[in-house]
$ cat final.json   # JSON, C-alpha atoms
[["chain", "number", "residue", "atom", "x", "y", "z"],
["I", 13, "MET", "CA", 40.66, 18.98, 17.00],
["I", 14, "GLU", "CA", 41.86, 22.01, 18.91],
["I", 15, "ARG", "CA", 39.04, 23.78, 20.71],
["I", 16, "THR", "CA", 39.88, 27.06, 18.98],
["I", 17, "ASP", "CA", 39.26, 25.64, 15.50],
["I", 18, "ALA", "CA", 35.90, 26.55, 14.04],
["I", 19, "VAL", "CA", 33.79, 24.03, 12.16],
["I", 20, "LEU", "CA", 32.05, 25.29, 9.03],
["I", 21, "VAL", "CA", 28.62, 23.71, 8.63],
["I", 22, "THR", "CA", 27.00, 23.81, 5.21],
["I", 23, "GLY", "CA", 23.30, 23.06, 4.90],
["I", 24, "ALA", "CA", 23.17, 24.89, 8.22],
["I", 25, "THR", "CA", 19.40, 25.40, 8.31],
["I", 26, "GLY", "CA", 18.49, 21.91, 7.06],
["I", 27, "ARG", "CA", 17.26, 19.08, 9.24],
["I", 28, "ILE", "CA", 20.71, 17.53, 9.78],
["I", 29, "GLY", "CA", 22.88, 20.65, 9.59],
["I", 30, "ARG", "CA", 20.83, 22.51, 12.17],
["I", 31, "ALA", "CA", 20.85, 19.58, 14.58],
["I", 32, "VAL", "CA", 24.61, 19.23, 14.15],
["I", 33, "ILE", "CA", 25.06, 22.91, 14.97],
["I", 34, "ASP", "CA", 23.03, 22.61, 18.16],
["I", 35, "GLN", "CA", 25.10, 19.64, 19.33],
["I", 36, "LEU", "CA", 28.42, 21.30, 18.50],
["I", 37, "VAL", "CA", 27.38, 24.45, 20.37],
["I", 38, "ASP", "CA", 26.37, 22.34, 23.38],
["I", 39, "ALA", "CA", 29.82, 20.72, 23.26],
["I", 40, "GLY", "CA", 31.54, 24.10, 23.20],
["I", 41, "VAL", "CA", 32.86, 23.77, 19.65],
["I", 42, "PRO", "CA", 33.10, 27.09, 17.72],
["I", 43, "VAL", "CA", 30.73, 26.97, 14.76],
["I", 44, "ARG", "CA", 30.51, 28.93, 11.53],
["I", 45, "ALA", "CA", 27.25, 28.45, 9.60],
["I", 46, "LEU", "CA", 27.06, 28.83, 5.82],
["I", 47, "VAL", "CA", 23.72, 30.19, 4.62],
["I", 48, "ARG", "CA", 22.52, 31.55, 1.29],
["I", 49, "ARG", "CA", 20.27, 34.16, 2.90],
["I", 50, "PRO", "CA", 21.17, 35.82, 6.22],
["I", 51, "GLU", "CA", 17.53, 35.98, 7.31],
["I", 52, "SER", "CA", 17.32, 32.18, 7.25],
["I", 53, "ALA", "CA", 19.80, 32.05, 10.13],
["I", 54, "ALA", "CA", 17.62, 34.05, 12.54],
["I", 55, "THR", "CA", 16.92, 31.04, 14.75],
["I", 56, "LEU", "CA", 20.51, 29.79, 14.99],
["I", 57, "PRO", "CA", 22.22, 30.07, 18.39],
["I", 58, "THR", "CA", 23.69, 33.51, 18.98],
["I", 59, "THR", "CA", 27.18, 32.07, 19.47],
["I", 60, "VAL", "CA", 27.24, 30.80, 15.87],
["I", 61, "GLU", "CA", 29.10, 32.93, 13.32],
["I", 62, "VAL", "CA", 26.88, 33.27, 10.26],
["I", 63, "VAL", "CA", 28.46, 33.71, 6.83],
["I", 64, "THR", "CA", 26.76, 33.93, 3.46],
["I", 65, "GLY", "CA", 27.77, 31.77, 0.54],
["I", 66, "ASP", "CA", 26.35, 29.44, -2.06],
["I", 67, "LEU", "CA", 27.58, 26.11, -3.40],
["I", 68, "THR", "CA", 26.41, 27.22, -6.84],
["I", 69, "ALA", "CA", 28.88, 30.13, -6.68],
["I", 70, "PRO", "CA", 32.17, 28.62, -5.47],
["I", 71, "ALA", "CA", 33.97, 31.96, -5.22],
["I", 72, "SER", "CA", 31.45, 33.02, -2.58],
["I", 73, "LEU", "CA", 32.85, 30.35, -0.23],
["I", 74, "ASP", "CA", 36.32, 31.81, 0.20],
["I", 75, "ALA", "CA", 35.44, 34.10, 3.10],
["I", 76, "ALA", "CA", 33.56, 31.30, 4.87],
["I", 77, "LEU", "CA", 36.54, 28.94, 4.54],
["I", 78, "THR", "CA", 39.14, 31.36, 5.88],
["I", 79, "ALA", "CA", 40.61, 30.16, 9.20],
["I", 80, "VAL", "CA", 38.45, 27.02, 9.12],
["I", 81, "ARG", "CA", 40.07, 23.65, 9.65],
["I", 82, "THR", "CA", 37.04, 21.35, 9.35],
["I", 83, "VAL", "CA", 33.99, 21.45, 7.08],
["I", 84, "PHE", "CA", 30.75, 19.50, 7.33],
["I", 85, "LEU", "CA", 29.67, 19.27, 3.72],
["I", 86, "VAL", "CA", 26.01, 18.71, 2.87],
["I", 87, "TRP", "CA", 25.56, 18.95, -0.88],
["I", 88, "THR", "CA", 22.48, 21.06, -1.65],
["I", 89, "ALA", "CA", 23.22, 22.25, -5.19],
["I", 90, "PRO", "CA", 23.29, 21.00, -8.78],
["I", 91, "PRO", "CA", 26.36, 18.91, -9.62],
["I", 92, "HIS", "CA", 28.14, 21.21, -12.04],
["I", 93, "THR", "CA", 29.94, 23.30, -9.39],
["I", 94, "ALA", "CA", 31.13, 20.33, -7.31],
["I", 95, "PRO", "CA", 34.70, 20.26, -8.73],
["I", 96, "ALA", "CA", 35.23, 23.97, -8.04],
["I", 97, "VAL", "CA", 33.77, 23.70, -4.55],
["I", 98, "VAL", "CA", 35.99, 20.75, -3.65],
["I", 99, "ASP", "CA", 39.03, 22.58, -5.04],
["I", 100, "ARG", "CA", 38.28, 25.45, -2.66],
["I", 101, "LEU", "CA", 37.91, 23.05, 0.25],
["I", 102, "ALA", "CA", 41.33, 21.62, -0.58],
["I", 103, "ALA", "CA", 42.85, 25.11, -0.58],
["I", 104, "HIS", "CA", 41.61, 26.04, 2.90],
["I", 105, "PRO", "CA", 40.60, 23.44, 5.53],
["I", 106, "ARG", "CA", 42.43, 20.22, 6.26],
["I", 107, "ARG", "CA", 39.43, 18.06, 6.98],
["I", 108, "VAL", "CA", 36.01, 17.33, 5.45],
["I", 109, "VAL", "CA", 33.11, 15.31, 6.80],
["I", 110, "TYR", "CA", 30.76, 14.57, 3.93],
["I", 111, "LEU", "CA", 27.12, 13.55, 4.28],
["I", 112, "SER", "CA", 26.68, 10.97, 1.54],
["I", 113, "ALA", "CA", 24.52, 7.88, 0.99],
["I", 114, "PRO", "CA", 25.06, 4.09, 1.31],
["I", 115, "HIS", "CA", 25.45, 3.59, -2.45],
["I", 116, "ARG", "CA", 28.40, 1.22, -1.90],
["I", 117, "THR", "CA", 26.45, -1.00, 0.51],
["I", 118, "PRO", "CA", 25.92, -4.54, -0.87],
["I", 119, "HIS", "CA", 22.16, -4.68, -0.35],
["I", 120, "PRO", "CA", 19.54, -4.49, -3.11],
["I", 121, "PHE", "CA", 17.83, -1.50, -1.53],
["I", 122, "PHE", "CA", 20.92, 0.66, -2.08],
["I", 123, "GLN", "CA", 21.94, -0.72, -5.46],
["I", 124, "GLN", "CA", 19.14, 0.63, -7.65],
["I", 125, "PRO", "CA", 19.90, 3.33, -10.26],
["I", 126, "ASN", "CA", 19.84, 6.61, -8.39],
["I", 127, "PRO", "CA", 20.93, 10.03, -9.70],
["I", 128, "MET", "CA", 21.70, 11.25, -6.17],
["I", 129, "ALA", "CA", 23.92, 8.23, -5.51],
["I", 130, "THR", "CA", 25.79, 8.99, -8.71],
["I", 131, "LEU", "CA", 26.30, 12.58, -7.55],
["I", 132, "HIS", "CA", 27.50, 11.45, -4.11],
["I", 133, "ALA", "CA", 29.96, 9.00, -5.65],
["I", 134, "ARG", "CA", 31.37, 11.73, -7.89],
["I", 135, "ILE", "CA", 31.85, 14.15, -5.00],
["I", 136, "GLU", "CA", 33.53, 11.43, -2.95],
["I", 137, "GLN", "CA", 35.95, 10.85, -5.84],
["I", 138, "LEU", "CA", 36.70, 14.55, -6.04],
["I", 139, "ILE", "CA", 37.37, 14.74, -2.31],
["I", 140, "ALA", "CA", 39.60, 11.66, -2.38],
["I", 141, "ALA", "CA", 41.67, 13.13, -5.21],
["I", 142, "THR", "CA", 42.55, 16.20, -3.12],
["I", 143, "GLY", "CA", 44.25, 14.29, -0.32],
["I", 144, "LEU", "CA", 42.04, 15.95, 2.32],
["I", 145, "ASP", "CA", 41.43, 14.13, 5.58],
["I", 146, "ALA", "CA", 37.92, 12.94, 4.78],
["I", 147, "THR", "CA", 35.23, 11.08, 6.66],
["I", 148, "ILE", "CA", 32.17, 9.81, 4.81],
["I", 149, "VAL", "CA", 28.87, 9.48, 6.70],
["I", 150, "ARG", "CA", 26.20, 7.41, 4.94],
["I", 151, "PRO", "CA", 22.75, 7.49, 6.54],
["I", 152, "GLY", "CA", 20.19, 5.06, 5.19],
["I", 153, "MET", "CA", 16.47, 5.74, 5.22],
["I", 154, "PHE", "CA", 15.58, 8.58, 7.60],
["I", 155, "ALA", "CA", 12.82, 8.00, 10.15],
["I", 156, "SER", "CA", 11.61, 11.54, 9.46],
["I", 157, "ASN", "CA", 10.52, 10.51, 5.96],
["I", 158, "ALA", "CA", 7.38, 9.27, 7.69],
["I", 159, "LEU", "CA", 6.41, 12.90, 8.32],
["I", 160, "HIS", "CA", 6.33, 13.65, 4.61],
["I", 161, "TRP", "CA", 4.98, 10.31, 3.42],
["I", 162, "TRP", "CA", 2.31, 9.29, 5.92],
["I", 163, "ALA", "CA", 1.53, 12.19, 8.26],
["I", 164, "PRO", "CA", -0.99, 13.90, 5.93],
["I", 165, "ALA", "CA", -3.22, 10.80, 5.80],
["I", 166, "ILE", "CA", -2.75, 10.05, 9.50],
["I", 167, "ARG", "CA", -3.74, 13.57, 10.49],
["I", 168, "ARG", "CA", -6.97, 13.14, 8.50],
["I", 169, "ASP", "CA", -7.56, 9.76, 10.17],
["I", 170, "ALA", "CA", -7.52, 8.30, 6.67],
["I", 171, "VAL", "CA", -6.16, 5.02, 5.36],
["I", 172, "VAL", "CA", -2.44, 5.14, 4.61],
["I", 173, "ARG", "CA", -2.16, 3.95, 1.02],
["I", 174, "TRP", "CA", 1.44, 3.23, 0.11],
["I", 175, "PRO", "CA", 3.30, 0.90, -2.26],
["I", 176, "TYR", "CA", 5.23, -2.16, -1.14],
["I", 177, "GLY", "CA", 4.03, -2.24, 2.44],
["I", 178, "ALA", "CA", 6.01, -5.46, 3.01],
["I", 179, "ALA", "CA", 9.33, -3.86, 1.98],
["I", 180, "GLU", "CA", 11.66, -3.62, 4.97],
["I", 181, "THR", "CA", 13.95, -0.72, 5.86],
["I", 182, "ALA", "CA", 15.88, 0.22, 9.00],
["I", 183, "PRO", "CA", 14.94, 3.87, 9.60],
["I", 184, "VAL", "CA", 17.60, 5.90, 11.35],
["I", 185, "ASP", "CA", 16.62, 8.74, 13.67],
["I", 186, "ASP", "CA", 17.80, 12.11, 12.33],
["I", 187, "ARG", "CA", 18.99, 12.98, 15.83],
["I", 188, "ASP", "CA", 21.31, 9.98, 15.84],
["I", 189, "VAL", "CA", 22.76, 10.99, 12.48],
["I", 190, "ALA", "CA", 23.40, 14.49, 13.81],
["I", 191, "ALA", "CA", 24.95, 13.12, 16.99],
["I", 192, "VAL", "CA", 27.33, 10.91, 15.01],
["I", 193, "VAL", "CA", 28.35, 13.80, 12.76],
["I", 194, "ALA", "CA", 28.88, 16.11, 15.75],
["I", 195, "ARG", "CA", 31.01, 13.46, 17.46],
["I", 196, "ILE", "CA", 33.18, 13.05, 14.36],
["I", 197, "LEU", "CA", 33.54, 16.81, 13.93],
["I", 198, "SER", "CA", 34.52, 17.41, 17.55],
["I", 199, "GLU", "CA", 37.18, 14.75, 17.99],
["I", 200, "ASN", "CA", 40.19, 13.32, 16.19],
["I", 201, "GLY", "CA", 40.63, 9.81, 14.87],
["I", 202, "HIS", "CA", 38.05, 9.60, 12.11],
["I", 203, "ALA", "CA", 40.14, 10.44, 9.03],
["I", 204, "GLY", "CA", 39.39, 7.84, 6.38],
["I", 205, "GLY", "CA", 36.27, 6.69, 8.21],
["I", 206, "ASP", "CA", 33.36, 5.42, 6.12],
["I", 207, "TYR", "CA", 30.27, 5.02, 8.29],
["I", 208, "VAL", "CA", 26.92, 3.57, 7.23],
["I", 209, "LEU", "CA", 24.20, 4.61, 9.67],
["I", 210, "THR", "CA", 20.91, 2.75, 10.08],
["I", 211, "GLY", "CA", 18.34, 2.26, 12.76],
["I", 212, "PRO", "CA", 18.68, -0.82, 15.00],
["I", 213, "GLU", "CA", 15.94, -2.97, 13.45],
["I", 214, "SER", "CA", 14.45, -4.04, 10.14],
["I", 215, "LEU", "CA", 10.78, -3.08, 9.83],
["I", 216, "SER", "CA", 8.33, -3.28, 6.98],
["I", 217, "GLN", "CA", 6.72, -0.05, 5.92],
["I", 218, "ALA", "CA", 3.37, -1.34, 7.17],
["I", 219, "GLU", "CA", 4.95, -2.13, 10.54],
["I", 220, "GLN", "CA", 6.32, 1.40, 10.75],
["I", 221, "VAL", "CA", 2.85, 2.82, 10.19],
["I", 222, "GLY", "CA", 1.59, 0.46, 12.88],
["I", 223, "LEU", "CA", 4.18, 1.78, 15.35],
["I", 224, "ILE", "CA", 3.07, 5.33, 14.66],
["I", 225, "GLY", "CA", -0.47, 4.20, 15.44],
["I", 226, "ALA", "CA", 0.73, 2.61, 18.69],
["I", 227, "ALA", "CA", 2.37, 5.90, 19.68],
["I", 228, "LEU", "CA", -0.90, 7.71, 18.93],
["I", 229, "GLY", "CA", -2.92, 5.14, 20.83],
["I", 230, "ARG", "CA", -5.11, 4.19, 17.89],
["I", 231, "PRO", "CA", -4.88, 1.79, 14.95],
["I", 232, "ILE", "CA", -4.03, 3.15, 11.53],
["I", 233, "ALA", "CA", -5.38, 1.32, 8.51],
["I", 234, "PHE", "CA", -2.79, 0.50, 5.86],
["I", 235, "GLU", "CA", -3.49, -0.44, 2.26],
["I", 236, "ASP", "CA", -1.00, -1.42, -0.43],
["I", 237, "LEU", "CA", -1.08, 1.11, -3.26],
["I", 238, "PRO", "CA", -0.30, -0.19, -6.77],
["I", 239, "PRO", "CA", 3.09, 1.18, -7.84],
["I", 240, "ASP", "CA", 1.72, 2.60, -11.09],
["I", 241, "GLU", "CA", -0.90, 4.56, -9.19],
["I", 242, "PHE", "CA", 1.75, 5.87, -6.81],
["I", 243, "ARG", "CA", 3.82, 6.99, -9.79],
["I", 244, "ARG", "CA", 0.86, 8.74, -11.43],
["I", 245, "GLN", "CA", 0.11, 10.66, -8.25],
["I", 246, "ALA", "CA", 3.65, 12.05, -7.99],
["I", 247, "PRO", "CA", 4.51, 15.51, -9.36],
["I", 248, "GLU", "CA", 6.47, 15.40, -12.60],
["I", 249, "ALA", "CA", 9.58, 16.84, -10.95],
["I", 250, "ALA", "CA", 9.56, 14.03, -8.38],
["I", 251, "ARG", "CA", 9.34, 11.17, -10.89],
["I", 252, "PRO", "CA", 13.07, 10.24, -10.83],
["I", 253, "ALA", "CA", 13.02, 9.95, -7.03],
["I", 254, "VAL", "CA", 9.73, 8.04, -7.14],
["I", 255, "ASP", "CA", 11.08, 5.58, -9.70],
["I", 256, "MET", "CA", 14.19, 5.04, -7.58],
["I", 257, "LEU", "CA", 12.15, 4.39, -4.44],
["I", 258, "LEU", "CA", 9.80, 2.00, -6.18],
["I", 259, "ALA", "CA", 12.72, 0.04, -7.61],
["I", 260, "ALA", "CA", 14.45, -0.06, -4.21],
["I", 261, "TRP", "CA", 11.37, -1.23, -2.33],
["I", 262, "ARG", "CA", 10.61, -3.85, -4.97],
["I", 263, "ALA", "CA", 14.20, -5.14, -4.91],
["I", 264, "THR", "CA", 14.19, -5.64, -1.15],
["I", 265, "LEU", "CA", 10.94, -7.61, -0.91],
["I", 266, "GLY", "CA", 11.40, -10.88, 0.94],
["I", 267, "GLN", "CA", 14.57, -9.97, 2.79],
["I", 268, "PRO", "CA", 15.39, -7.92, 5.87],
["I", 269, "ALA", "CA", 16.88, -4.46, 5.68],
["I", 270, "TYR", "CA", 20.59, -3.82, 5.98],
["I", 271, "VAL", "CA", 21.29, -3.00, 9.65],
["I", 272, "THR", "CA", 24.52, -1.65, 11.16],
["I", 273, "THR", "CA", 25.62, -1.03, 14.74],
["I", 274, "THR", "CA", 27.60, 2.08, 13.77],
["I", 275, "VAL", "CA", 25.43, 4.55, 15.70],
["I", 276, "SER", "CA", 25.79, 2.64, 18.97],
["I", 277, "ASP", "CA", 29.47, 1.89, 18.30],
["I", 278, "LEU", "CA", 30.32, 5.57, 17.84],
["I", 279, "LEU", "CA", 28.01, 7.06, 20.46],
["I", 280, "GLY", "CA", 28.40, 4.43, 23.17],
["I", 281, "ARG", "CA", 24.64, 4.06, 23.59],
["I", 282, "PRO", "CA", 21.85, 2.25, 21.74],
["I", 283, "ALA", "CA", 20.54, 3.78, 18.54],
["I", 284, "ARG", "CA", 17.00, 5.11, 18.85],
["I", 285, "THR", "CA", 14.34, 2.72, 17.61],
["I", 286, "PHE", "CA", 11.55, 3.72, 15.24],
["I", 287, "ARG", "CA", 9.13, 3.17, 18.14],
["I", 288, "GLN", "CA", 11.06, 5.79, 20.13],
["I", 289, "TRP", "CA", 11.09, 8.16, 17.18],
["I", 290, "ALA", "CA", 7.32, 7.80, 16.72],
["I", 291, "ALA", "CA", 6.68, 8.39, 20.43],
["I", 292, "ASP", "CA", 8.78, 11.56, 20.33],
["I", 293, "HIS", "CA", 6.91, 12.91, 17.28],
["I", 294, "VAL", "CA", 3.27, 12.18, 18.08],
["I", 295, "THR", "CA", 2.30, 15.83, 17.79],
["I", 296, "ALA", "CA", 3.45, 15.85, 14.16],
["I", 297, "PHE", "CA", 0.75, 13.27, 13.37],
["I", 298, "THR", "CA", -2.15, 15.08, 14.99],
["I", 299, "ALA", "CA", -4.66, 17.26, 13.16],
["I", 300, "ALA", "CA", -3.23, 20.48, 14.60],
["I", 301, "ALA", "CA", 0.35, 19.69, 13.68],
["I", 302, "ASP", "CA", 2.49, 21.74, 11.34],
["I", 303, "PRO", "CA", 3.07, 19.66, 8.20],
["I", 304, "ALA", "CA", 6.74, 20.58, 8.32],
["I", 305, "GLY", "CA", 7.04, 18.60, 11.51]]

$ encode --input "final.json" --output "structure tokens"
Amino acid sequence: MERTDAVLVTGATGRIGRAVIDQLVDAGVPVRALVRRPESAATLPTTVEVVTGDLTAPASLDAALTAVRTVFLVWTAPPHTAPAVVDRLAAHPRRVVYLSAPHRTPHPFFQQPNPMATLHARIEQLIAATGLDATIVRPGMFASNALHWWAPAIRRDAVVRWPYGAAETAPVDDRDVAAVVARILSENGHAGGDYVLTGPESLSQAEQVGLIGAALGRPIAFEDLPPDEFRRQAPEAARPAVDMLLAAWRATLGQPAYVTTTVSDLLGRPARTFRQWAADHVTAFTAAADPAG
């Protein structure tokens, strides 16, 4: 891309969008950040142009899309406005990088019924129908899920009770996902790319908890939680996601996780391991840590 072309980042204050912005700014790429509330952008770099808009109100995007050639699209809205949003993308920029999911990956973990996968597939179809230069980025399980799932018990020095401890995944470091996205956004040659991103190794959930304990310098007790009990403990609004996760973990028992080399292939360096991720986030698992990580 030409250095004068701004990149519009949606989901600009989320865990991936914000990290992408930081890496683009470091690379000297002009960035425009889409936010719903201006005050939420207070911590963004001062060189970033902040524009307000909302995926639930497609007309609000027109100003943000003016003079933009590339968009990083992170879908953070209900599905009903997706066709109108994609139509507006087709009318303005030439290129879209879409953060999707590995729902096309031939592995049982990714083949369970999943409302979010259905949404991602529909948006991909809409993008493809426009003829835009599109790149699809498909991260698997994020390493940072451990902060939400296990950190509360670990901070209390309690037993981590979790279903399907033997189920294996290949957690990908959020920073590696952001680095891949930033690389794609800041260079040519990725039109039509479809990239599945995973960590470099297959680890059971119990092993991942053990690696967090190793980073903390103390053992962490792990106990398998019956799936029905896990489901009962979940808030009602989270039940669809819980059912999807339980089905995915159950389906993958007895086989290793799906692992790709895409991160290292695109970045020219090894992908971060879960051990590295845990070592870099030890403070998030201590009693004084902010639960948000």

$ closest_residue --input "final.json" --among "I:Gly40, I:Thr147, I:Ala163, I:Arg100" --to "Val192 (chain I)" --atoms "all atoms listed in the file"
I:Thr147

$ residues_around --input "final.json" --residues "Gly204 (chain I)" --least-positions-apart "3" --cutoff "10 Å" --atoms "all atoms listed in the file" --output "ChimeraX atom specification"
/I:109,140,144-148,201,207

$ residues_around --input "final.json" --residues "Ser214 (chain I)" --least-positions-apart "2" --cutoff "10 Å" --atoms "all atoms listed in the file" --output "PDB file with C-alpha atoms, in the coordinates of the input"
ATOM      1  CA  ALA I 179       9.330  -3.860   1.980  1.00  0.00           C
ATOM      2  CA  GLU I 180      11.660  -3.620   4.970  1.00  0.00           C
ATOM      3  CA  THR I 181      13.950  -0.720   5.860  1.00  0.00           C
ATOM      4  CA  ALA I 182      15.880   0.220   9.000  1.00  0.00           C
ATOM      5  CA  PRO I 183      14.940   3.870   9.600  1.00  0.00           C
ATOM      6  CA  THR I 210      20.910   2.750  10.080  1.00  0.00           C
ATOM      7  CA  GLY I 211      18.340   2.260  12.760  1.00  0.00           C
ATOM      8  CA  PRO I 212      18.680  -0.820  15.000  1.00  0.00           C
ATOM      9  CA  SER I 216       8.330  -3.280   6.980  1.00  0.00           C
ATOM     10  CA  GLN I 217       6.720  -0.050   5.920  1.00  0.00           C
ATOM     11  CA  GLU I 219       4.950  -2.130  10.540  1.00  0.00           C
ATOM     12  CA  GLN I 220       6.320   1.400  10.750  1.00  0.00           C
ATOM     13  CA  GLN I 267      14.570  -9.970   2.790  1.00  0.00           C
ATOM     14  CA  PRO I 268      15.390  -7.920   5.870  1.00  0.00           C
ATOM     15  CA  ALA I 269      16.880  -4.460   5.680  1.00  0.00           C
ATOM     16  CA  TYR I 270      20.590  -3.820   5.980  1.00  0.00           C
ATOM     17  CA  VAL I 271      21.290  -3.000   9.650  1.00  0.00           C
ATOM     18  CA  PHE I 286      11.550   3.720  15.240  1.00  0.00           C
TER      19      PHE I 286
END

$ residues_around --input "final.json" --residues "Ala283 (chain I)" --least-positions-apart "4" --cutoff "9 Å" --atoms "all atoms listed in the file" --output "ChimeraX atom specification"
/I:184-185,188,210-212,273-276,279

$ closest_residue --input "final.json" --among "I:Ile166, I:Thr64, I:Asn126, I:Pro50" --to "Arg230 (chain I)" --atoms "only C-alpha atoms"
I:Ile166

$ closest_residue --input "final.json" --among "I:Leu20, I:Ala263, I:Ala194, I:Ile33" --to "Val83 (chain I)" --atoms "only C-alpha atoms"
I:Leu20

$ closest_residue --input "final.json" --among "I:Thr25, I:Gln137, I:Gln288, I:Gln35" --to "Ser52 (chain I)" --atoms "all atoms listed in the file"
I:Thr25

$ atom_distance --input "final.json" --atom1 "CA of Trp289 (chain I)" --atom2 "CA of Val86 (chain I)"
23.2 Å

$ atom_distance --input "final.json" --atom1 "CA of Leu159 (chain I)" --atom2 "CA of Asp186 (chain I)"
12.1 Å

$ atom_distance --input "final.json" --atom1 "CA of Ala165 (chain I)" --atom2 "CA of Ala291 (chain I)"
17.8 Å

$ closest_residue --input "final.json" --among "I:Leu46, I:Thr142, I:Phe122, I:Ala31" --to "His104 (chain I)" --atoms "only C-alpha atoms"
I:Thr142

$ closest_residue --input "final.json" --among "I:Leu228, I:Asp17, I:Val37, I:Thr285" --to "Leu77 (chain I)" --atoms "all atoms listed in the file"
I:Asp17

$ residues_around --input "final.json" --residues "Ile135 (chain I)" --least-positions-apart "3" --cutoff "8 Å" --atoms "all atoms listed in the file" --output "PDB file with C-alpha atoms, in the coordinates of the input"
ATOM      1  CA  ALA I  94      31.130  20.330  -7.310  1.00  0.00           C
ATOM      2  CA  PRO I  95      34.700  20.260  -8.730  1.00  0.00           C
ATOM      3  CA  VAL I  98      35.990  20.750  -3.650  1.00  0.00           C
ATOM      4  CA  LEU I 131      26.300  12.580  -7.550  1.00  0.00           C
ATOM      5  CA  HIS I 132      27.500  11.450  -4.110  1.00  0.00           C
ATOM      6  CA  LEU I 138      36.700  14.550  -6.040  1.00  0.00           C
ATOM      7  CA  ILE I 139      37.370  14.740  -2.310  1.00  0.00           C
TER       8      ILE I 139
END

$ residues_around --input "final.json" --residues "Met256 (chain I)" --least-positions-apart "3" --cutoff "10 Å" --atoms "all atoms listed in the file" --output "number ranges by chain"
I: 121-128, 251-253, 259-262

$ axis_aligned_box --input "final.json" --around "region 27-41 of chain I" --padding-each-side "3 Å" --output "lines of an AutoDock Vina configuration file"
center_x = 25.1
center_y = 21.0
center_z = 16.3
size_x = 21.6
size_y = 12.9
size_z = 20.1

$ residues_near_point --input "final.json" --point "(-0.7, 10.8, -5.3)" --cutoff "12 Å" --atoms "all atoms listed in the file" --output "PDB file with C-alpha atoms, keeping the file's coordinate frame"
ATOM      1  CA  TRP I 161       4.980  10.310   3.420  1.00  0.00           C
ATOM      2  CA  TRP I 162       2.310   9.290   5.920  1.00  0.00           C
ATOM      3  CA  PRO I 164      -0.990  13.900   5.930  1.00  0.00           C
ATOM      4  CA  ALA I 165      -3.220  10.800   5.800  1.00  0.00           C
ATOM      5  CA  VAL I 172      -2.440   5.140   4.610  1.00  0.00           C
ATOM      6  CA  ARG I 173      -2.160   3.950   1.020  1.00  0.00           C
ATOM      7  CA  TRP I 174       1.440   3.230   0.110  1.00  0.00           C
ATOM      8  CA  PRO I 175       3.300   0.900  -2.260  1.00  0.00           C
ATOM      9  CA  LEU I 237      -1.080   1.110  -3.260  1.00  0.00           C
ATOM     10  CA  PRO I 238      -0.300  -0.190  -6.770  1.00  0.00           C
ATOM     11  CA  PRO I 239       3.090   1.180  -7.840  1.00  0.00           C
ATOM     12  CA  ASP I 240       1.720   2.600 -11.090  1.00  0.00           C
ATOM     13  CA  GLU I 241      -0.900   4.560  -9.190  1.00  0.00           C
ATOM     14  CA  PHE I 242       1.750   5.870  -6.810  1.00  0.00           C
ATOM     15  CA  ARG I 243       3.820   6.990  -9.790  1.00  0.00           C
ATOM     16  CA  ARG I 244       0.860   8.740 -11.430  1.00  0.00           C
ATOM     17  CA  GLN I 245       0.110  10.660  -8.250  1.00  0.00           C
ATOM     18  CA  ALA I 246       3.650  12.050  -7.990  1.00  0.00           C
ATOM     19  CA  PRO I 247       4.510  15.510  -9.360  1.00  0.00           C
ATOM     20  CA  GLU I 248       6.470  15.400 -12.600  1.00  0.00           C
ATOM     21  CA  ALA I 250       9.560  14.030  -8.380  1.00  0.00           C
ATOM     22  CA  ARG I 251       9.340  11.170 -10.890  1.00  0.00           C
ATOM     23  CA  VAL I 254       9.730   8.040  -7.140  1.00  0.00           C
TER      24      VAL I 254
END

$ decode --input "final.json" --residues "region 73-79 of chain I" --atoms "N, CA, C and O atoms" --output "mmCIF file, in the first residue's frame"
data_model
loop_
_atom_site.group_PDB
_atom_site.id
_atom_site.type_symbol
_atom_site.label_atom_id
_atom_site.label_comp_id
_atom_site.auth_asym_id
_atom_site.auth_seq_id
_atom_site.Cartn_x
_atom_site.Cartn_y
_atom_site.Cartn_z
ATOM 1 N N LEU I 73 -21.047 5.344 9.043
ATOM 2 C CA LEU I 73 -19.694 4.949 8.639
ATOM 3 C C LEU I 73 -19.165 5.760 7.466
ATOM 4 O O LEU I 73 -17.964 5.719 7.183
ATOM 5 N N ASP I 74 -20.027 6.482 6.775
ATOM 6 C CA ASP I 74 -19.601 7.121 5.534
ATOM 7 C C ASP I 74 -18.432 8.075 5.735
ATOM 8 O O ASP I 74 -17.475 8.071 4.957
ATOM 9 N N ALA I 75 -18.497 8.896 6.775
ATOM 10 C CA ALA I 75 -17.405 9.839 7.006
ATOM 11 C C ALA I 75 -16.105 9.103 7.323
ATOM 12 O O ALA I 75 -15.025 9.503 6.879
ATOM 13 N N ALA I 76 -16.200 8.024 8.079
ATOM 14 C CA ALA I 76 -15.003 7.266 8.445
ATOM 15 C C ALA I 76 -14.359 6.607 7.230
ATOM 16 O O ALA I 76 -13.141 6.425 7.178
ATOM 17 N N LEU I 77 -15.170 6.240 6.237
ATOM 18 C CA LEU I 77 -14.664 5.521 5.072
ATOM 19 C C LEU I 77 -14.131 6.437 3.979
ATOM 20 O O LEU I 77 -13.455 5.977 3.060
ATOM 21 N N THR I 78 -14.418 7.716 4.069
ATOM 22 C CA THR I 78 -13.955 8.666 3.050
ATOM 23 C C THR I 78 -12.430 8.714 3.020
ATOM 24 O O THR I 78 -11.776 8.854 4.051
ATOM 25 N N ALA I 79 -11.866 8.573 1.818
ATOM 26 C CA ALA I 79 -10.412 8.638 1.612
ATOM 27 C C ALA I 79 -9.665 7.511 2.311
ATOM 28 O O ALA I 79 -8.481 7.637 2.605
#
